[in-house]
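Colleague: Handing you this structure, nothing more for now.
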Amino acid sequence: MLPYRTIADAEAALGRSLTSAEALWFDYSAAKSDYFLYCHNILFLFLILSLVPLPTVLLQLARPARFDSFKIQPEVRLSSSEIFKCYKDVIKTFFLVFGPLQLTSYPAVKMVGIRTGLPLPSFWEILAQLLIYLLIEDYATYWLHRWLHCKWGYEKIHRVHHEYTAPIGFAALHVHWAEILILGIPSFLGPAFVPGHMITLWLWFALRQIQVIDTHVGYDLPWSPAKYIPFYGGADHHDYHHYVGGLSRSNFASVFTYCDFIYGTDKGYRYQKKLRGKVNEWRSGDPTRDLKDD
């Protein structure tokens with residue numbers, strides 16, 4: 001809740017006129033509690049989880065021939081009932097685990113200093129903080145993800161996520177409840193180390209969820225804007241991790257590929273890509289059958 005009764009009070013406190021964005025923020029948030037504003041995350045993430053995967057899910061169901069070459073594992077197709085079951089399982093986890101976690105984590109958000117007041121952060125401030133959050137999350141998730149592939153971590157927790165060897169967007173949150181808690185830590189580290197505005201926090205959680213969905217869509221679409229992000233792994237990079245499954249010692253990266261390259265956990269993937277480039281026409285879309293042990 002903002003400590004100003006009117007826009008004039010806010011302008012007097014700041015010593016300048018409010019920008020258009022700040023005036024809109026004042027009109028919307030002035031009488032709302034910080035906790036209520038934080039809980040917007042639940043609605044935003046529910047909408048993202050439900051709507052963002054739909055285009056590629058519809059591709060899976062419609063199976064237009066001109067998109068077959070973009071499907072990373074074209075030999076695997078899920079039925080509409082299988083896709084709907086995945087969505088139901090994810091929504092169940094969302095409301096039983098993710099939602100309550102959001103509702104109860106506000107004290108931590110308040111403790112690290114996430115603010116809701118004026119002035120609003122600049123575009124460049126938001127951009128810089130989001131980049132920092134991405135880098136911190138990516139590095140921490142890399143090591144936690146590797147741990148989840150140890151015998152105990154995989155059998156007790158992570159195997160749930162790997163039920164889909166050819167993932168779809170809805171499968172991004174098809175995880176054991178404990179995995180939400182474990183991998184939620186890296187997502188919160190960035191805002192904890194570099195606290196920003198509530199709007200930046202909304203954008204961060206939304207961006208992170210969209211990115212996770214993007215790596216699980218099962219299609220390597222050449223016009224994806226993510227293709228222009230340096231070192232971004234994307235769907236092709238993460239799909240190999242799912243294809244290899246529980247045996248995987250490859251492609252643990254969350255966002256960028258540099259950790260896998262530095263620590264040598266992308267050798268199988270790079271070998272597969274090299275081999276696929278040579279025999280793709282001969283194998284007619286089945287380039288990875290014998291590569292699980294590489």
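In the structure tokens, chains take the letters A, B, ... in the order shown, each chain's residues start at 1, and ligands count up from 1 in the order shown.
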I'd like the neighbourhood of segment 22-36 of chain A as a short mmCIF file (atom, residue, chain, number, x, y, z; two decimals) with all heavy atoms, in the first residue's frame, where a residue qualifies if any of its atoms comes within 12 Å (using only C-alpha atoms), though same-chain residues fewer than 5 positions away should be ignored.
Modeller:
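Everything below was put into out_20.cif:
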```cif
data_model
loop_
_atom_site.label_atom_id
_atom_site.label_comp_id
_atom_site.auth_asym_id
_atom_site.auth_seq_id
_atom_site.Cartn_x
_atom_site.Cartn_y
_atom_site.Cartn_z
N MET A 1 0.85 -1.19 0.00
CA MET A 1 0.00 0.00 0.00
C MET A 1 0.88 1.25 0.00
O MET A 1 1.83 1.35 0.79
CB MET A 1 -0.90 0.00 1.23
CG MET A 1 -1.90 1.14 1.25
SD MET A 1 -3.01 1.04 2.67
CE MET A 1 -3.93 -0.46 2.27
N LEU A 2 0.60 2.15 -0.92
CA LEU A 2 1.43 3.34 -1.04
C LEU A 2 1.15 4.32 0.11
O LEU A 2 0.00 4.46 0.54
CB LEU A 2 1.17 4.03 -2.38
CG LEU A 2 1.50 3.22 -3.63
CD1 LEU A 2 1.26 4.06 -4.88
CD2 LEU A 2 2.93 2.72 -3.61
N PRO A 3 2.18 5.02 0.58
CA PRO A 3 1.99 5.94 1.72
C PRO A 3 1.52 7.32 1.29
O PRO A 3 1.81 8.31 1.96
CB PRO A 3 3.40 6.00 2.31
CG PRO A 3 4.30 5.84 1.13
CD PRO A 3 3.59 4.87 0.21
N TYR A 4 0.82 7.39 0.16
CA TYR A 4 0.33 8.68 -0.32
C TYR A 4 -1.18 8.59 -0.54
O TYR A 4 -1.68 7.60 -1.06
CB TYR A 4 1.00 9.06 -1.65
CG TYR A 4 2.49 8.82 -1.70
CD1 TYR A 4 3.02 7.85 -2.55
CD2 TYR A 4 3.36 9.56 -0.89
CE1 TYR A 4 4.37 7.63 -2.60
CE2 TYR A 4 4.72 9.33 -0.94
CZ TYR A 4 5.23 8.36 -1.79
OH TYR A 4 6.57 8.13 -1.84
N ARG A 5 -1.88 9.66 -0.18
CA ARG A 5 -3.32 9.66 -0.37
C ARG A 5 -3.71 10.09 -1.78
O ARG A 5 -4.73 9.64 -2.32
CB ARG A 5 -3.98 10.59 0.64
CG ARG A 5 -3.91 10.08 2.07
CD ARG A 5 -4.76 10.93 2.98
NE ARG A 5 -4.79 10.40 4.35
CZ ARG A 5 -5.54 10.90 5.32
NH1 ARG A 5 -6.32 11.95 5.08
NH2 ARG A 5 -5.51 10.36 6.53
N THR A 6 -2.93 10.97 -2.37
CA THR A 6 -3.26 11.48 -3.69
C THR A 6 -2.00 11.51 -4.55
O THR A 6 -0.87 11.40 -4.05
CB THR A 6 -3.83 12.91 -3.61
OG1 THR A 6 -2.81 13.80 -3.12
CG2 THR A 6 -5.05 12.95 -2.69
N ILE A 7 -2.21 11.69 -5.84
CA ILE A 7 -1.07 11.82 -6.76
C ILE A 7 -0.27 13.07 -6.40
O ILE A 7 0.96 13.08 -6.49
CB ILE A 7 -1.57 11.87 -8.21
CG1 ILE A 7 -2.02 10.47 -8.64
CG2 ILE A 7 -0.48 12.39 -9.15
CD1 ILE A 7 -2.49 10.38 -10.08
N ALA A 8 -0.96 14.11 -5.96
CA ALA A 8 -0.25 15.34 -5.56
C ALA A 8 0.69 15.06 -4.40
O ALA A 8 1.81 15.59 -4.36
CB ALA A 8 -1.27 16.43 -5.20
N ASP A 9 0.26 14.24 -3.46
CA ASP A 9 1.14 13.87 -2.33
C ASP A 9 2.37 13.11 -2.83
O ASP A 9 3.49 13.35 -2.37
CB ASP A 9 0.37 13.01 -1.33
CG ASP A 9 -0.70 13.78 -0.58
OD1 ASP A 9 -0.62 15.03 -0.55
OD2 ASP A 9 -1.62 13.13 -0.04
N ALA A 10 2.14 12.21 -3.76
CA ALA A 10 3.25 11.43 -4.30
C ALA A 10 4.22 12.32 -5.05
O ALA A 10 5.45 12.18 -4.92
CB ALA A 10 2.70 10.33 -5.23
N GLU A 11 3.69 13.24 -5.85
CA GLU A 11 4.57 14.14 -6.60
C GLU A 11 5.34 15.07 -5.67
O GLU A 11 6.52 15.37 -5.92
CB GLU A 11 3.74 14.95 -7.60
CG GLU A 11 3.19 14.09 -8.74
CD GLU A 11 2.32 14.88 -9.70
OE1 GLU A 11 1.76 15.92 -9.28
OE2 GLU A 11 2.18 14.45 -10.86
N LEU A 14 8.20 12.98 -4.25
CA LEU A 14 9.25 12.69 -5.22
C LEU A 14 9.92 13.94 -5.75
O LEU A 14 11.03 13.87 -6.31
CB LEU A 14 8.67 11.89 -6.39
CG LEU A 14 8.15 10.49 -6.10
CD1 LEU A 14 7.54 9.86 -7.36
CD2 LEU A 14 9.25 9.59 -5.56
N ARG A 16 8.79 15.76 -8.22
CA ARG A 16 8.60 15.83 -9.68
C ARG A 16 7.23 15.25 -10.01
O ARG A 16 6.56 14.65 -9.17
CB ARG A 16 9.67 15.02 -10.42
CG ARG A 16 9.70 13.54 -10.06
CD ARG A 16 10.61 12.77 -10.99
NE ARG A 16 10.75 11.38 -10.61
CZ ARG A 16 9.86 10.42 -10.85
NH1 ARG A 16 8.71 10.72 -11.48
NH2 ARG A 16 10.09 9.18 -10.47
N SER A 17 6.82 15.44 -11.26
CA SER A 17 5.57 14.86 -11.72
C SER A 17 5.74 13.36 -11.93
O SER A 17 6.83 12.88 -12.27
CB SER A 17 5.13 15.52 -13.04
OG SER A 17 4.90 16.89 -12.86
N ASN A 41 0.93 -12.97 -8.54
CA ASN A 41 1.76 -14.00 -9.19
C ASN A 41 0.96 -15.26 -9.48
O ASN A 41 1.18 -15.90 -10.51
CB ASN A 41 2.95 -14.36 -8.29
CG ASN A 41 4.13 -13.45 -8.54
OD1 ASN A 41 4.41 -13.05 -9.67
ND2 ASN A 41 4.83 -13.10 -7.47
N ILE A 42 0.09 -15.64 -8.59
CA ILE A 42 -0.66 -16.88 -8.77
C ILE A 42 -1.52 -16.81 -10.03
O ILE A 42 -1.53 -17.74 -10.84
CB ILE A 42 -1.53 -17.17 -7.53
CG1 ILE A 42 -0.64 -17.37 -6.30
CG2 ILE A 42 -2.40 -18.41 -7.76
CD1 ILE A 42 -1.41 -17.55 -5.02
N LEU A 43 -2.22 -15.69 -10.21
CA LEU A 43 -3.05 -15.54 -11.41
C LEU A 43 -2.20 -15.48 -12.66
O LEU A 43 -2.51 -16.15 -13.66
CB LEU A 43 -3.89 -14.26 -11.28
CG LEU A 43 -4.74 -13.89 -12.51
CD1 LEU A 43 -5.74 -14.99 -12.82
CD2 LEU A 43 -5.43 -12.56 -12.30
N GLN A 102 3.24 -19.88 -2.90
CA GLN A 102 3.21 -18.46 -3.19
C GLN A 102 2.53 -17.68 -2.06
O GLN A 102 3.01 -16.63 -1.63
CB GLN A 102 2.46 -18.22 -4.50
CG GLN A 102 3.23 -18.60 -5.75
CD GLN A 102 4.27 -17.57 -6.12
OE1 GLN A 102 3.97 -16.40 -6.33
NE2 GLN A 102 5.52 -17.98 -6.18
N LEU A 103 1.42 -18.21 -1.58
CA LEU A 103 0.66 -17.50 -0.55
C LEU A 103 1.43 -17.36 0.76
O LEU A 103 1.27 -16.39 1.49
CB LEU A 103 -0.66 -18.23 -0.29
CG LEU A 103 -1.69 -18.19 -1.42
CD1 LEU A 103 -2.87 -19.10 -1.10
CD2 LEU A 103 -2.17 -16.76 -1.66
N THR A 104 2.25 -18.37 1.06
CA THR A 104 2.96 -18.37 2.34
C THR A 104 4.37 -17.82 2.28
O THR A 104 5.02 -17.68 3.32
CB THR A 104 3.01 -19.81 2.91
OG1 THR A 104 3.66 -20.67 1.96
CG2 THR A 104 1.60 -20.33 3.17
N SER A 105 4.86 -17.50 1.09
CA SER A 105 6.26 -17.05 0.97
C SER A 105 6.40 -15.54 1.05
O SER A 105 7.51 -15.01 0.95
CB SER A 105 6.85 -17.54 -0.36
OG SER A 105 6.12 -17.04 -1.46
N TYR A 106 5.30 -14.83 1.25
CA TYR A 106 5.37 -13.37 1.27
C TYR A 106 6.31 -12.83 2.36
O TYR A 106 7.03 -11.85 2.10
CB TYR A 106 3.98 -12.75 1.43
CG TYR A 106 4.03 -11.25 1.55
CD1 TYR A 106 4.34 -10.46 0.45
CD2 TYR A 106 3.80 -10.62 2.78
CE1 TYR A 106 4.42 -9.09 0.55
CE2 TYR A 106 3.87 -9.25 2.89
CZ TYR A 106 4.17 -8.49 1.77
OH TYR A 106 4.26 -7.13 1.87
N PRO A 107 6.34 -13.39 3.58
CA PRO A 107 7.27 -12.85 4.57
C PRO A 107 8.72 -12.82 4.08
O PRO A 107 9.47 -11.88 4.39
CB PRO A 107 7.10 -13.80 5.77
CG PRO A 107 5.69 -14.28 5.64
CD PRO A 107 5.46 -14.43 4.17
N ALA A 108 9.13 -13.84 3.32
CA ALA A 108 10.48 -13.85 2.77
C ALA A 108 10.66 -12.73 1.76
O ALA A 108 11.73 -12.09 1.70
CB ALA A 108 10.79 -15.21 2.13
N VAL A 109 9.63 -12.50 0.94
CA VAL A 109 9.69 -11.42 -0.04
C VAL A 109 9.82 -10.07 0.65
O VAL A 109 10.61 -9.21 0.25
CB VAL A 109 8.42 -11.45 -0.93
CG1 VAL A 109 8.31 -10.20 -1.80
CG2 VAL A 109 8.41 -12.69 -1.81
N LYS A 110 9.06 -9.89 1.72
CA LYS A 110 9.13 -8.64 2.47
C LYS A 110 10.49 -8.49 3.16
O LYS A 110 11.06 -7.40 3.19
CB LYS A 110 8.02 -8.64 3.52
CG LYS A 110 7.76 -7.28 4.15
CD LYS A 110 7.11 -6.34 3.17
CE LYS A 110 6.70 -5.03 3.85
NZ LYS A 110 6.14 -4.06 2.87
N GLY A 113 13.34 -7.22 0.93
CA GLY A 113 13.24 -5.82 0.54
C GLY A 113 12.58 -5.55 -0.79
O GLY A 113 12.85 -4.50 -1.40
N ILE A 114 11.74 -6.45 -1.27
CA ILE A 114 10.98 -6.17 -2.48
C ILE A 114 10.01 -5.04 -2.17
O ILE A 114 9.23 -5.12 -1.23
CB ILE A 114 10.20 -7.41 -2.96
CG1 ILE A 114 11.16 -8.58 -3.23
CG2 ILE A 114 9.38 -7.10 -4.20
CD1 ILE A 114 12.16 -8.34 -4.34
N ARG A 115 10.03 -3.99 -2.97
CA ARG A 115 9.23 -2.81 -2.67
C ARG A 115 8.06 -2.67 -3.65
O ARG A 115 8.09 -3.24 -4.75
CB ARG A 115 10.09 -1.54 -2.70
CG ARG A 115 10.69 -1.23 -4.06
CD ARG A 115 11.65 -0.04 -4.00
NE ARG A 115 12.17 0.29 -5.32
CZ ARG A 115 11.56 1.11 -6.17
NH1 ARG A 115 10.41 1.68 -5.84
NH2 ARG A 115 12.08 1.37 -7.35
N THR A 116 7.05 -1.92 -3.25
CA THR A 116 5.89 -1.68 -4.10
C THR A 116 5.66 -0.21 -4.37
O THR A 116 4.76 0.15 -5.12
CB THR A 116 4.61 -2.25 -3.45
OG1 THR A 116 4.39 -1.59 -2.20
CG2 THR A 116 4.72 -3.75 -3.23
N GLY A 117 6.47 0.64 -3.77
CA GLY A 117 6.22 2.08 -3.83
C GLY A 117 6.75 2.76 -5.07
O GLY A 117 7.19 2.14 -6.04
N LEU A 118 6.76 4.07 -5.02
CA LEU A 118 7.30 4.93 -6.07
C LEU A 118 8.68 5.43 -5.64
O LEU A 118 8.96 5.54 -4.45
CB LEU A 118 6.36 6.11 -6.31
CG LEU A 118 4.95 5.74 -6.81
CD1 LEU A 118 4.06 6.98 -6.83
CD2 LEU A 118 5.01 5.09 -8.18
N PRO A 119 9.56 5.72 -6.61
CA PRO A 119 9.36 5.68 -8.05
C PRO A 119 9.42 4.26 -8.60
O PRO A 119 9.95 3.35 -7.95
CB PRO A 119 10.52 6.52 -8.58
CG PRO A 119 11.62 6.26 -7.58
CD PRO A 119 10.91 6.19 -6.25
N LEU A 120 8.89 4.09 -9.81
CA LEU A 120 9.03 2.81 -10.49
C LEU A 120 10.43 2.67 -11.05
O LEU A 120 11.08 3.68 -11.37
CB LEU A 120 8.01 2.71 -11.63
CG LEU A 120 6.53 2.64 -11.26
CD1 LEU A 120 5.69 2.47 -12.51
CD2 LEU A 120 6.25 1.52 -10.27
N PRO A 121 10.93 1.45 -11.16
CA PRO A 121 12.25 1.25 -11.76
C PRO A 121 12.23 1.60 -13.24
O PRO A 121 11.20 1.47 -13.91
CB PRO A 121 12.51 -0.24 -11.53
CG PRO A 121 11.15 -0.84 -11.45
CD PRO A 121 10.28 0.18 -10.78
N SER A 122 13.37 2.03 -13.74
CA SER A 122 13.49 2.32 -15.17
C SER A 122 13.53 1.02 -15.98
O SER A 122 13.76 -0.07 -15.42
CB SER A 122 14.75 3.13 -15.45
OG SER A 122 15.91 2.34 -15.23
N HIS A 197 11.68 -4.01 -7.50
CA HIS A 197 10.29 -3.62 -7.34
C HIS A 197 9.38 -4.84 -7.54
O HIS A 197 9.77 -5.83 -8.16
CB HIS A 197 9.94 -2.54 -8.37
CG HIS A 197 8.70 -1.79 -8.06
ND1 HIS A 197 7.44 -2.22 -8.43
CD2 HIS A 197 8.51 -0.60 -7.40
CE1 HIS A 197 6.54 -1.35 -8.03
NE2 HIS A 197 7.15 -0.36 -7.39
N MET A 198 8.17 -4.77 -7.02
CA MET A 198 7.21 -5.86 -7.18
C MET A 198 6.92 -6.14 -8.65
O MET A 198 6.75 -7.29 -9.06
CB MET A 198 5.91 -5.53 -6.45
CG MET A 198 4.88 -6.65 -6.47
SD MET A 198 5.39 -8.10 -5.51
CE MET A 198 5.19 -7.46 -3.83
N ILE A 199 6.90 -5.10 -9.47
CA ILE A 199 6.68 -5.29 -10.90
C ILE A 199 7.80 -6.12 -11.51
O ILE A 199 7.56 -6.99 -12.35
CB ILE A 199 6.55 -3.92 -11.61
CG1 ILE A 199 5.26 -3.24 -11.19
CG2 ILE A 199 6.61 -4.09 -13.13
CD1 ILE A 199 5.08 -1.84 -11.75
#
```
Colleague: For Leu58 of chain A, work out the shell of residues within 12 Å, counting only C-alpha atoms and skipping chain neighbours fewer than 5 positions away, then give it as a PyMOL selection string.
Modeller: chain A and resi 51-53+63-64+67+77-80+83-84+168-170+217-219
Colleague: With a distance cut-off of 9 Å and only C-alpha atoms, select the neighbouring residues of Tyr164 of chain A, excluding the residue or stretch itself and same-chain residues fewer than 2 positions from it, and output the selection as a ChimeraX atom specification.
Modeller: /A:160-162,166-168,171,174,242-243,245
Colleague: What is the distance, in Å and to one decimal place, between atom CA of Arg249 of chain A and atom CA of Leu173 of chain A?
Modeller: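 Taking atom CA of Arg249 of chain A and atom CA of Leu173 of chain A, their separation equals 21.2 Å.
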Colleague: Using DSSP on the backbone, list every residue of segment 38-165 of chain A that comes out as helix (DSSP H, G or I), and give them as a VMD selection string.
Modeller: chain A and resid 38 40 to 51 54 to 62 65 to 70 80 to 104 106 to 112 123 to 148 151 to 156 158 to 163
Colleague: Find the residues around His149 of chain A up to 9 Å (only C-alpha atoms counted), leave out those fewer than 2 positions away in its own chain, and share them as a list in words.
Modeller: Leu144, His145, Arg146, Trp147, Lys151, Trp152, Gly153, Tyr154, Glu155, His158, Arg159, Gly246, Leu247, Ser248 and Arg249 of chain A
Colleague: Mind listing the strand (DSSP E or B) residues of segment 50-240 of chain A, per DSSP on the backbone, as an MDAnalysis selection string?
Modeller: chainID A and resid 71 115 197 219 232
Colleague: Can I get the selection written as a CSV table (one decimal), in the first residue's frame, with N, CA and C atoms?
Modeller:
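Once everything was written out, this is selection.csv:
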```
chain,number,residue,atom,x,y,z
A,71,LYS,N,9.5,-30.9,-35.3
A,71,LYS,CA,9.3,-31.7,-34.1
A,71,LYS,C,10.6,-32.4,-33.8
A,115,ARG,N,10.0,-4.0,-3.0
A,115,ARG,CA,9.2,-2.8,-2.7
A,115,ARG,C,8.1,-2.7,-3.6
A,197,HIS,N,11.7,-4.0,-7.5
A,197,HIS,CA,10.3,-3.6,-7.3
A,197,HIS,C,9.4,-4.8,-7.5
A,219,TYR,N,9.3,-28.7,-30.0
A,219,TYR,CA,9.5,-28.2,-31.4
A,219,TYR,C,10.7,-27.2,-31.4
A,232,TYR,N,21.6,-19.4,-25.4
A,232,TYR,CA,20.3,-19.9,-24.9
A,232,TYR,C,20.1,-21.3,-25.4
```
